[in-house]
Amino acid sequence: MKIGIFGGTFNPVHFGHLRAAEEVAQSFLNKIIFIPTNLTSNKKTVALSAEKRMEMLNIAIKNNKKFEVSDIEIKRGGYSYSYDTIVQLEKIYSSDELYFIVGMDAYSGVKNWKNAEGIFDKINFIVVNRSNKKFSQKKLIKLIDFLPDKLKEGVKIDYKENKLITSKNKFIYFFKISRLDISSTVIRDNFKNNISNLFLLPNEVINYIINNKLYK
Ligand code: ATP
Ligand code: MG
């Protein structure tokens, strides 16, 4: 089975995440596993408890057979590092193919992740565009710059497929999705300022946030 791993703080999950997952799944994956972080070292704002963020994910995906939520990072506790998660998931899904899904903003900071080089050696990436910062084929060369230094040298560009291929034969595939310019940051601000969030995230999640008085 082809499984996409989609990590994030999901504070809260919104249609930008869900639509990206849907389009990636429809094109080439059998299943997407959403993995909320426990603690995130690179986020300035203190995230909502991991349990509440996971609960909102569960509410959001409950009628979608291809989507799952994993508590693997929450159970592990402490700061969440993708490398550790991938090592764990590789053991659980040893007979499946795993793909790591990230938005372009996340990809552009990947160099600073713990053991970034090791992550790229282990797993293929699917990078989706965010908002109106689209990526063209011409930009493929520039996208090499975001890779950890040690990986840059051996990288080959497949212009036709919109892919970078590492010397370990793993790929980084830049996949164009419908652009939904939605972010959790804007949604949190809207809740705080009593501005409508209708049609930015599922109604059931909006209700959960209101009932639990989150983001006030
Ligand atoms: P915040 O504003 O708090 O940073 P966010 O909306 O960026 O929240 P994250 O939980 O940080 O959401 O993102 C998790 C993953 O989903 C990241 O890889 C991010 O790039 C991707 N992502 C988030 N929003 C979108 C979107 N609208 N379209 C495509 N990918 C997205
Ligand atoms: Mg973000």
# chains A, B, ... in the order shown; residues from 1 in each chain; ligands from 1
>>> residues_around(residues="Glu204 of chain A", least_positions_apart="6", cutoff="10 Å", atoms="only C-alpha atoms", output="list in words")
Met56, Ile59, Ala60 and Ile210 of chain A
>>> residues_near_ligand(ligand="ligand 1", cutoff="7 Å", atoms="only C-alpha atoms and all ligand atoms", output="ChimeraX atom specification")
/A:6-11,13,16-17,20,101-106,128-131,179-186
>>> write_last_selection(atoms="C-alpha atoms", output="tab-separated table (two decimals), in the first residue's frame")
chain	number	residue	atom	x	y	z
A	6	PHE	CA	1.18	14.17	6.90
A	7	GLY	CA	2.56	15.78	10.04
A	8	GLY	CA	1.80	19.15	11.54
A	9	THR	CA	0.58	21.02	14.57
A	10	PHE	CA	-2.95	21.13	13.15
A	11	ASN	CA	-3.85	23.96	15.51
A	13	VAL	CA	-6.88	21.37	11.13
A	16	GLY	CA	-6.11	23.63	3.32
A	17	HIS	CA	-4.75	20.49	5.01
A	20	ALA	CA	-4.14	18.90	0.03
A	101	ILE	CA	3.84	15.06	2.68
A	102	VAL	CA	4.80	18.66	3.44
A	103	GLY	CA	3.70	22.10	2.30
A	104	MET	CA	6.23	24.31	0.54
A	105	ASP	CA	6.73	26.46	3.64
A	106	ALA	CA	7.65	23.40	5.67
A	128	VAL	CA	2.55	20.65	-2.14
A	129	ASN	CA	2.30	24.33	-2.97
A	130	ARG	CA	0.79	26.76	-0.46
A	131	SER	CA	-1.23	29.88	-1.16
A	179	ARG	CA	-4.39	26.68	-3.85
A	180	LEU	CA	-6.38	27.24	-0.70
A	181	ASP	CA	-4.91	30.22	1.06
A	182	ILE	CA	-5.93	29.09	4.55
A	183	SER	CA	-3.74	28.92	7.64
A	184	SER	CA	-4.34	27.91	11.24
A	185	THR	CA	-2.83	31.23	12.31
A	186	VAL	CA	-5.53	33.23	10.54
>>> atom_distance(atom1="atom CA of Asn207 of chain A", atom2="atom CA of Ile35 of chain A")
21.9 Å
>>> closest_residue(among="A:Lys139, A:Asn211, A:Glu68, A:Ile3", to="Ser95 of chain A", atoms="only C-alpha atoms")
A:Ile3
>>> closest_residue(among="A:Ile187, A:Lys156, A:Ile92, A:Lys122", to="ligand 2", atoms="only C-alpha atoms and all ligand atoms")
A:Ile187
>>> residues_around(residues="Tyr215 of chain A", least_positions_apart="2", cutoff="8 Å", atoms="only C-alpha atoms", output="list in words")
Arg188, Asp189, Phe191, Lys192, Ile209 and Lys213 of chain A
>>> closest_atom_pairs(of="segment 86-202 of chain A", to="segment 27-32 of chain A", cutoff="10 Å", atoms="only C-alpha atoms", output="CSV")
residue,atom,partner,partner_atom,distance
A:Glu97,CA,A:Leu29,CA,9.4
A:Leu98,CA,A:Leu29,CA,9.4
A:Tyr99,CA,A:Leu29,CA,8.7
A:Phe100,CA,A:Ile32,CA,9.7
A:Ile101,CA,A:Ile32,CA,9.1
A:Phe175,CA,A:Ser27,CA,9.8
>>> select_by_dssp(residues="segment 17-79 of chain A", states="strand (DSSP E or B)", output="list in words")
Lys31, Ile32, Ile33, Phe34, Ile35, Pro36, Leu39, Phe67, Glu68, Val69 and Tyr79 of chain A
>>> select_by_dssp(residues="chain A", states="alpha helix (DSSP H)", output="PyMOL selection string")
chain A and resi 15-28+50-61+72-76+82-92+104-107+116-122+140-144+149-152+184-192+203-211
>>> closest_residue(among="A:His14, A:Lys160, A:Lys168, A:Lys52", to="ligand 2", atoms="only C-alpha atoms and all ligand atoms")
A:His14
>>> residues_around(residues="Asn162 of chain A", least_positions_apart="2", cutoff="8 Å", atoms="only C-alpha atoms", output="list of chain:residue names")
A:Gln137, A:Leu140, A:Ile157, A:Asp158, A:Tyr159, A:Lys160, A:Leu164, A:Tyr173, A:Phe174, A:Phe175
>>> write_last_selection(atoms="N, CA and C atoms", output="mmCIF file, in the first residue's frame")
data_model
loop_
_atom_site.group_PDB
_atom_site.id
_atom_site.type_symbol
_atom_site.label_atom_id
_atom_site.label_comp_id
_atom_site.auth_asym_id
_atom_site.auth_seq_id
_atom_site.Cartn_x
_atom_site.Cartn_y
_atom_site.Cartn_z
ATOM 1 N N GLN A 137 8.544 24.729 -13.103
ATOM 2 C CA GLN A 137 9.651 23.815 -13.367
ATOM 3 C C GLN A 137 10.987 24.546 -13.320
ATOM 4 N N LEU A 140 12.798 24.470 -10.115
ATOM 5 C CA LEU A 140 13.294 23.200 -9.560
ATOM 6 C C LEU A 140 14.741 23.316 -9.080
ATOM 7 N N ILE A 157 17.819 16.397 -11.489
ATOM 8 C CA ILE A 157 16.511 17.025 -11.685
ATOM 9 C C ILE A 157 15.751 16.303 -12.790
ATOM 10 N N ASP A 158 14.530 15.917 -12.492
ATOM 11 C CA ASP A 158 13.657 15.353 -13.517
ATOM 12 C C ASP A 158 12.598 16.419 -13.849
ATOM 13 N N TYR A 159 12.875 17.215 -14.870
ATOM 14 C CA TYR A 159 11.990 18.335 -15.197
ATOM 15 C C TYR A 159 10.609 17.864 -15.619
ATOM 16 N N LYS A 160 10.584 16.736 -16.307
ATOM 17 C CA LYS A 160 9.309 16.243 -16.827
ATOM 18 C C LYS A 160 8.369 15.857 -15.693
ATOM 19 N N LEU A 164 13.021 16.096 -7.821
ATOM 20 C CA LEU A 164 14.459 16.024 -7.556
ATOM 21 C C LEU A 164 14.738 14.596 -7.117
ATOM 22 N N TYR A 173 9.082 15.141 -4.795
ATOM 23 C CA TYR A 173 8.143 15.402 -5.876
ATOM 24 C C TYR A 173 7.336 16.656 -5.554
ATOM 25 N N PHE A 174 7.362 17.624 -6.463
ATOM 26 C CA PHE A 174 6.622 18.865 -6.256
ATOM 27 C C PHE A 174 5.284 18.748 -6.970
ATOM 28 N N PHE A 175 4.261 18.671 -6.173
ATOM 29 C CA PHE A 175 2.931 18.344 -6.688
ATOM 30 C C PHE A 175 2.001 19.543 -6.551
#
>>> atom_distance(atom1="atom CA of Lys62 of chain A", atom2="atom CA of Lys91 of chain A")
25.8 Å
>>> atom_distance(atom1="atom CA of Leu57 of chain A", atom2="atom CA of Ala116 of chain A")
26.3 Å
>>> closest_residue(among="A:Pro12, A:Phe146, A:Ile165, A:Met1", to="ligand 2", atoms="only C-alpha atoms and all ligand atoms")
A:Pro12
>>> closest_residue(among="A:Ser80, A:Ser167, A:Asn42, A:Ser94", to="Gly109 of chain A", atoms="only C-alpha atoms")
A:Asn42
